[in-house]
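Structure below is my_file_18.cif: mmCIF, C-alpha atoms.
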data_start
loop_
_atom_site.label_atom_id
_atom_site.label_comp_id
_atom_site.auth_asym_id
_atom_site.auth_seq_id
_atom_site.Cartn_x
_atom_site.Cartn_y
_atom_site.Cartn_z
CA MET A 1 69.16 54.63 11.16
CA ASN A 2 69.42 51.10 9.90
CA LYS A 3 72.83 50.98 8.19
CA ILE A 4 71.70 48.51 5.56
CA CYS A 5 68.87 50.78 4.45
CA LEU A 6 71.25 53.74 4.31
CA ALA A 7 73.67 51.79 2.17
CA LEU A 8 70.95 50.74 -0.22
CA ALA A 9 69.75 54.30 -0.57
CA LEU A 10 73.23 55.66 -1.16
CA THR A 11 74.22 53.01 -3.69
CA SER A 12 71.01 52.97 -5.72
CA SER A 13 71.21 54.45 -9.21
CA PHE A 14 70.83 58.20 -8.95
CA LEU A 15 68.39 59.79 -11.37
CA ILE A 16 68.01 63.55 -11.53
CA ALA A 17 64.73 64.78 -10.07
CA ASN A 18 62.10 66.60 -12.08
CA SER A 19 62.32 70.32 -11.42
CA LEU A 20 59.24 72.41 -10.67
CA GLU A 21 59.40 73.67 -14.26
CA GLN A 22 59.55 70.10 -15.62
CA ILE A 23 56.63 68.98 -13.46
CA ARG A 24 54.54 71.83 -14.85
CA LYS A 25 55.66 70.98 -18.38
CA ASP A 26 54.77 67.29 -17.93
CA LYS A 27 51.50 68.29 -16.23
CA VAL A 28 51.89 65.50 -13.65
CA LEU A 29 52.92 65.68 -9.99
CA ARG A 30 53.99 62.21 -8.79
CA VAL A 31 53.27 61.83 -5.08
CA GLY A 32 54.46 58.91 -2.99
CA VAL A 33 52.14 57.72 -0.21
CA HIS A 34 51.54 54.65 1.93
CA ALA A 35 48.77 52.28 0.83
CA ALA A 36 47.67 51.32 4.36
CA ARG A 37 48.42 54.08 6.85
CA PRO A 38 45.08 55.63 7.82
CA PRO A 39 44.24 58.38 8.54
CA PHE A 40 47.24 59.62 6.51
CA SER A 41 46.44 57.53 3.45
CA ASN A 42 44.54 54.35 2.78
CA LEU A 43 43.75 52.40 -0.37
CA GLU A 44 40.27 50.90 -0.36
CA ASN A 45 38.23 49.66 -3.32
CA GLY A 46 40.76 51.21 -5.67
CA ASN A 47 40.51 54.67 -4.11
CA LEU A 48 43.04 56.51 -1.94
CA ASP A 49 41.81 58.74 0.86
CA GLY A 50 43.26 60.45 3.91
CA PHE A 51 45.03 63.50 5.32
CA GLU A 52 48.07 63.22 3.05
CA ILE A 53 45.94 62.52 -0.01
CA GLN A 54 44.24 65.86 0.61
CA LEU A 55 47.66 67.47 1.07
CA GLY A 56 48.99 65.97 -2.16
CA LYS A 57 45.99 67.28 -4.07
CA ALA A 58 46.38 70.74 -2.50
CA LEU A 59 50.05 70.89 -3.52
CA GLY A 60 49.10 69.77 -7.02
CA ASP A 61 46.45 72.50 -7.23
CA ALA A 62 49.05 75.08 -6.22
CA ILE A 63 51.64 73.85 -8.73
CA PHE A 64 49.17 73.75 -11.61
CA GLU A 65 47.10 76.73 -10.41
CA GLY A 66 43.96 74.67 -10.14
CA ASP A 67 42.60 73.58 -13.53
CA LYS A 68 44.22 76.51 -15.31
CA ASN A 69 47.16 74.48 -16.63
CA GLY A 70 45.46 71.10 -16.85
CA GLY A 71 47.85 69.28 -14.54
CA SER A 72 47.08 66.22 -12.44
CA VAL A 73 48.34 64.43 -9.33
CA LYS A 74 49.46 60.82 -9.64
CA PHE A 75 49.62 58.95 -6.33
CA ILE A 76 52.05 56.02 -6.14
CA THR A 77 52.07 53.71 -3.11
CA PHE A 78 55.22 52.53 -1.33
CA ASP A 79 56.17 50.59 1.80
CA LEU A 80 57.97 52.51 4.55
CA ASN A 81 61.38 51.11 3.63
CA GLN A 82 60.96 52.14 -0.03
CA ARG A 83 60.40 55.85 0.54
CA ILE A 84 63.98 57.12 0.32
CA ASN A 85 64.90 55.08 -2.76
CA ALA A 86 61.71 56.21 -4.50
CA LEU A 87 63.02 59.79 -4.28
CA VAL A 88 66.65 58.94 -5.07
CA ASP A 89 65.57 56.94 -8.15
CA ASN A 90 63.15 59.69 -9.28
CA LYS A 91 60.11 57.44 -9.07
CA VAL A 92 58.21 60.29 -7.41
CA ASP A 93 58.54 64.06 -7.24
CA ILE A 94 57.53 64.31 -3.60
CA MET A 95 57.12 61.75 -0.83
CA LEU A 96 54.47 62.07 1.85
CA GLY A 97 53.94 58.68 3.55
CA SER A 98 53.95 60.00 7.17
CA PHE A 99 57.66 60.75 6.67
CA SER A 100 59.36 61.74 9.94
CA ILE A 101 62.25 64.19 9.56
CA THR A 102 65.49 62.69 10.92
CA GLU A 103 69.15 63.66 10.73
CA ASP A 104 70.14 60.46 8.93
CA ARG A 105 67.39 60.73 6.34
CA SER A 106 68.28 64.39 5.76
CA LYS A 107 71.76 63.32 4.63
CA ILE A 108 70.18 61.55 1.66
CA ILE A 109 67.07 63.57 0.82
CA ASP A 110 65.69 67.01 1.61
CA PHE A 111 62.66 67.66 3.79
CA SER A 112 60.20 70.52 3.74
CA MET A 113 59.10 72.42 6.79
CA PRO A 114 57.00 70.11 9.00
CA TYR A 115 53.23 69.94 8.67
CA LEU A 116 52.49 67.59 11.61
CA SER A 117 54.11 66.40 14.82
CA VAL A 118 53.91 62.90 16.29
CA ASN A 119 55.25 60.96 19.28
CA LEU A 120 56.37 57.37 19.53
CA ALA A 121 53.97 55.22 21.54
CA VAL A 122 53.73 51.52 22.41
CA LEU A 123 50.64 49.31 22.13
CA THR A 124 50.50 46.48 24.68
CA ASN A 125 48.10 43.87 26.01
CA LYS A 126 46.08 45.50 28.78
CA LYS A 127 46.62 42.49 31.04
CA SER A 128 50.41 43.01 30.89
CA ASN A 129 49.99 46.35 32.71
CA ILE A 130 53.02 47.90 30.97
CA LYS A 131 53.15 51.64 31.67
CA ASN A 132 56.75 52.68 31.01
CA LEU A 133 59.75 51.81 28.85
CA SER A 134 61.70 50.22 31.69
CA GLN A 135 59.15 47.39 31.73
CA LEU A 136 59.95 46.66 28.08
CA ARG A 137 63.73 46.45 28.45
CA ASP A 138 63.83 42.62 28.31
CA LYS A 139 60.68 42.26 26.22
CA ILE A 140 60.18 41.96 22.46
CA ILE A 141 58.99 45.08 20.62
CA GLY A 142 57.41 44.83 17.18
CA VAL A 143 58.17 47.55 14.62
CA GLU A 144 57.95 48.12 10.88
CA LYS A 145 61.38 48.02 9.26
CA SER A 146 62.95 51.48 8.68
CA SER A 147 60.22 53.21 10.69
CA THR A 148 61.05 55.88 13.27
CA ALA A 149 60.28 53.30 15.96
CA ASP A 150 62.77 50.87 14.40
CA ILE A 151 65.48 53.54 14.40
CA PHE A 152 64.80 54.61 17.99
CA PHE A 153 64.42 51.23 19.68
CA SER A 154 67.22 49.56 17.72
CA SER A 155 69.61 52.34 18.73
CA LYS A 156 68.65 51.81 22.39
CA GLY A 157 69.36 48.07 22.27
CA TYR A 158 65.80 46.78 22.65
CA LYS A 159 64.83 43.35 21.32
CA ILE A 160 63.18 43.95 17.95
CA ASP A 161 60.76 41.85 15.90
CA TYR A 162 59.84 43.08 12.42
CA CYS A 163 56.27 43.19 11.14
CA GLY A 164 55.13 43.63 7.56
CA ASN A 165 52.59 46.31 8.51
CA THR A 166 50.76 47.79 11.49
CA THR A 167 47.98 45.20 11.39
CA GLN A 168 50.51 42.38 11.63
CA CYS A 169 52.18 44.07 14.61
CA TYR A 170 48.81 44.42 16.34
CA GLN A 171 48.01 40.76 15.69
CA LYS A 172 51.36 39.73 17.18
CA VAL A 173 50.57 41.72 20.34
CA LYS A 174 47.18 39.98 20.54
CA SER A 175 48.71 36.53 20.15
CA GLY A 176 51.49 37.22 22.65
CA GLU A 177 54.21 36.75 20.04
CA ILE A 178 55.53 40.21 20.94
CA ASP A 179 55.13 42.26 24.11
CA GLY A 180 54.56 45.63 22.49
CA PHE A 181 54.06 47.33 19.13
CA ALA A 182 55.94 50.61 18.79
CA ASP A 183 55.09 53.24 16.21
CA ASN A 184 53.95 56.83 15.93
CA ASN A 185 50.96 57.55 18.17
CA THR A 186 48.89 57.99 15.01
CA ALA A 187 49.43 54.32 14.13
CA VAL A 188 48.82 52.67 17.51
CA LEU A 189 45.94 54.74 18.91
CA VAL A 190 43.40 53.19 16.56
CA TYR A 191 43.87 49.68 17.97
CA GLU A 192 43.05 50.86 21.49
CA ILE A 193 39.81 52.28 20.10
CA LEU A 194 38.90 49.12 18.20
CA ASP A 195 39.95 46.52 20.77
CA SER A 196 39.43 46.89 24.53
CA SER A 197 41.94 44.12 25.29
CA VAL A 198 44.88 46.28 24.18
CA GLU A 199 46.01 49.74 25.22
CA VAL A 200 48.61 52.37 24.46
CA GLY A 201 50.51 51.63 27.66
CA VAL A 202 53.38 54.00 26.86
CA LEU A 203 52.18 57.29 25.38
CA ASN A 204 55.51 59.09 25.04
CA ALA A 205 58.21 56.56 24.21
CA GLY A 206 60.66 59.02 22.72
CA PRO A 207 61.15 62.62 21.63
CA ALA A 208 58.54 64.29 19.44
CA ALA A 209 59.07 63.84 15.71
CA PHE A 210 58.02 66.13 12.89
CA ILE A 211 56.54 64.99 9.60
CA GLY A 212 57.50 66.74 6.38
CA VAL A 213 57.43 66.39 2.61
CA GLY A 214 60.44 64.57 1.17
CA VAL A 215 62.08 65.65 -2.10
CA GLN A 216 65.22 64.54 -3.86
CA LYS A 217 68.41 66.14 -2.51
CA GLY A 218 69.14 69.45 -4.21
CA ASN A 219 65.72 69.96 -5.82
CA ASN A 220 65.68 73.42 -4.28
CA GLU A 221 63.12 75.16 -6.49
CA LEU A 222 60.50 72.51 -5.76
CA LEU A 223 61.41 72.47 -2.06
CA ASP A 224 61.11 76.26 -1.76
CA PHE A 225 57.70 76.16 -3.45
CA ILE A 226 56.46 73.43 -1.11
CA ASN A 227 57.68 75.33 1.97
CA LYS A 228 55.78 78.44 0.91
CA GLN A 229 52.67 76.35 0.32
CA ILE A 230 52.89 74.68 3.74
CA ILE A 231 52.97 78.11 5.39
CA PHE A 232 50.04 79.26 3.24
CA LEU A 233 48.02 76.08 3.84
CA ASN A 234 48.52 76.38 7.59
CA LYS A 235 47.49 80.02 7.74
CA SER A 236 44.47 79.37 5.49
CA GLY A 237 43.18 76.63 7.80
CA PHE A 238 43.77 73.75 5.39
CA PHE A 239 45.51 71.50 7.93
CA ARG A 240 42.84 72.09 10.59
CA ASN A 241 40.10 71.25 8.10
CA ALA A 242 41.90 68.16 6.80
CA TYR A 243 42.45 67.05 10.40
CA GLU A 244 38.75 67.42 11.20
CA GLN A 245 37.80 65.42 8.11
CA THR A 246 40.29 62.57 8.60
CA PHE A 247 41.80 62.32 12.10
CA VAL A 248 38.67 63.15 14.10
CA PRO A 249 36.36 60.47 12.63
CA PHE A 250 39.15 57.89 12.44
CA TYR A 251 40.15 58.24 16.10
CA LYS A 252 36.59 58.96 17.24
CA GLY A 253 37.67 62.26 18.77
CA LYS A 254 40.36 60.72 21.01
CA ALA A 255 43.34 62.24 19.17
CA ASP A 256 43.71 65.79 20.52
CA LYS A 257 44.80 68.11 17.71
CA LYS A 258 47.23 69.95 20.00
CA TYR A 259 49.51 66.90 19.82
CA PHE A 260 49.54 66.86 16.01
CA LEU A 261 48.88 70.27 14.44
CA LEU A 262 51.55 72.99 14.36
CA ASP A 263 49.38 76.10 14.65
CA GLU A 264 51.56 77.56 17.41
CA LEU A 265 54.67 77.27 15.24
CA TYR A 266 53.21 78.84 12.12
CA LYS A 267 51.43 81.73 13.75
CA PHE A 268 54.84 83.40 14.11
CA LEU A 269 55.69 83.08 10.38
#

Reformat the file's structure so that it appears as structure tokens.
Amino acid sequence: MNKICLALALTSSFLIANSLEQIRKDKVLRVGVHAARPPFSNLENGNLDGFEIQLGKALGDAIFEGDKNGGSVKFITFDLNQRINALVDNKVDIMLGSFSITEDRSKIIDFSMPYLSVNLAVLTNKKSNIKNLSQLRDKIIGVEKSSTADIFFSSKGYKIDYCGNTTQCYQKVKSGEIDGFADNNTAVLVYEILDSSVEVGVLNAGPAAFIGVGVQKGNNELLDFINKQIIFLNKSGFFRNAYEQTFVPFYKGKADKKYFLLDELYKFL
């Protein structure tokens, strides 16, 4: 992981997290999400919608037992490189934000059991005919800072160019400023659907990653509660339904659920 980001996270002022009991007492669950990461979460006309927005609301319902205790969910948006510090500084109780579970991140925060899986993929200009990573070795790859793609490709010595967001990376591919845009398959697939001049030339650029809920290190009661809810939500069909309502229309049916949902894992629990 980017050493600078790790240092910032470790040296930021540590504020004790709200316990599950305190969250219930305050009647507010603060949930960190991304403002522009559809179909996970997207802010449009002042409203947030997406797979992780549904998940945040479901976790809030479980914590507050529906409307019984009068609690509410407060969504707060962050950039990718702000997610860890938001937890360390107690700006949120839980962080969603398509948060891939990694060894380095787990040294600073705690992760729940995973609720989705993703793979790294690379968007390229179709005319470049790039089909494997070896063709990108001397090329420039665009990534969002502190993303899983940044961690992976930086560690492998690839030439990196940073983008402010996924749209900017896509535009740089279009203009020829970069040769490829690397991110989770969930982020790059949409551009292939919207623009026939680009394609996901490399579908599996690295090992599969798992996405989980982030909580502040040591907030064990809240973490245990979330883990139990993830198991329950999976067995009750919540994740399949949320997928059908968000992923399917967004990707126009081209994102096969077997690459994202974890039904096979949770059927044994």

Find the spatial neighbours of stretch 98-105 of chain A, counting only C-alpha atoms, within a cut-off of 7 Å - ignore same-chain residues fewer than 5 positions away - and output them as a ChimeraX atom specification. /A:1,40,111,148,209-213

Residue among A:Gly70, A:His34, A:Val118, A:Phe181 lying closest to A:Asn204, counting all atoms listed in the file: A:Val118

Write out as JSON lines the residues of stretch 147-226 of chain A that have any atom within 9 Å of an atom of stretch 12-31 of chain A, one row each with the nearest atom pair and its distance in Å to one decimal, counting all atoms listed in the file, sorted by chain and then rising number.
{"residue": "A:Val215", "atom": "CA", "partner": "A:Ala17", "partner_atom": "CA", "distance": 8.4}
{"residue": "A:Gln216", "atom": "CA", "partner": "A:Ala17", "partner_atom": "CA", "distance": 6.2}
{"residue": "A:Lys217", "atom": "CA", "partner": "A:Ala17", "partner_atom": "CA", "distance": 8.5}
{"residue": "A:Gly218", "atom": "CA", "partner": "A:Ala17", "partner_atom": "CA", "distance": 8.7}
{"residue": "A:Asn219", "atom": "CA", "partner": "A:Ser19", "partner_atom": "CA", "distance": 6.6}
{"residue": "A:Asn220", "atom": "CA", "partner": "A:Ser19", "partner_atom": "CA", "distance": 8.5}
{"residue": "A:Glu221", "atom": "CA", "partner": "A:Leu20", "partner_atom": "CA", "distance": 6.3}
{"residue": "A:Leu222", "atom": "CA", "partner": "A:Leu20", "partner_atom": "CA", "distance": 5.1}
{"residue": "A:Leu223", "atom": "CA", "partner": "A:Leu20", "partner_atom": "CA", "distance": 8.9}
{"residue": "A:Phe225", "atom": "CA", "partner": "A:Leu20", "partner_atom": "CA", "distance": 8.3}

Straight-line distance linking atom CA of A:Leu261 with atom CA of A:Cys169, stated in Å to one decimal: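 Straight-line distance from atom CA of A:Leu261 to atom CA of A:Cys169 works out to 26.4 Å.
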
Under the rule of at most 9 Å, produce a per-residue listing of stretch 30-103 of chain A near stretch 182-189 of chain A: chain, number, name, the closest pair of atoms, and the distance in Å, as JSON lines, using all atoms listed in the file.
{"residue": "A:Arg37", "atom": "CA", "partner": "A:Ala187", "partner_atom": "CA", "distance": 7.4}
{"residue": "A:Pro38", "atom": "CA", "partner": "A:Ala187", "partner_atom": "CA", "distance": 7.8}
{"residue": "A:Pro39", "atom": "CA", "partner": "A:Thr186", "partner_atom": "CA", "distance": 8.0}
{"residue": "A:Phe40", "atom": "CA", "partner": "A:Thr186", "partner_atom": "CA", "distance": 8.8}
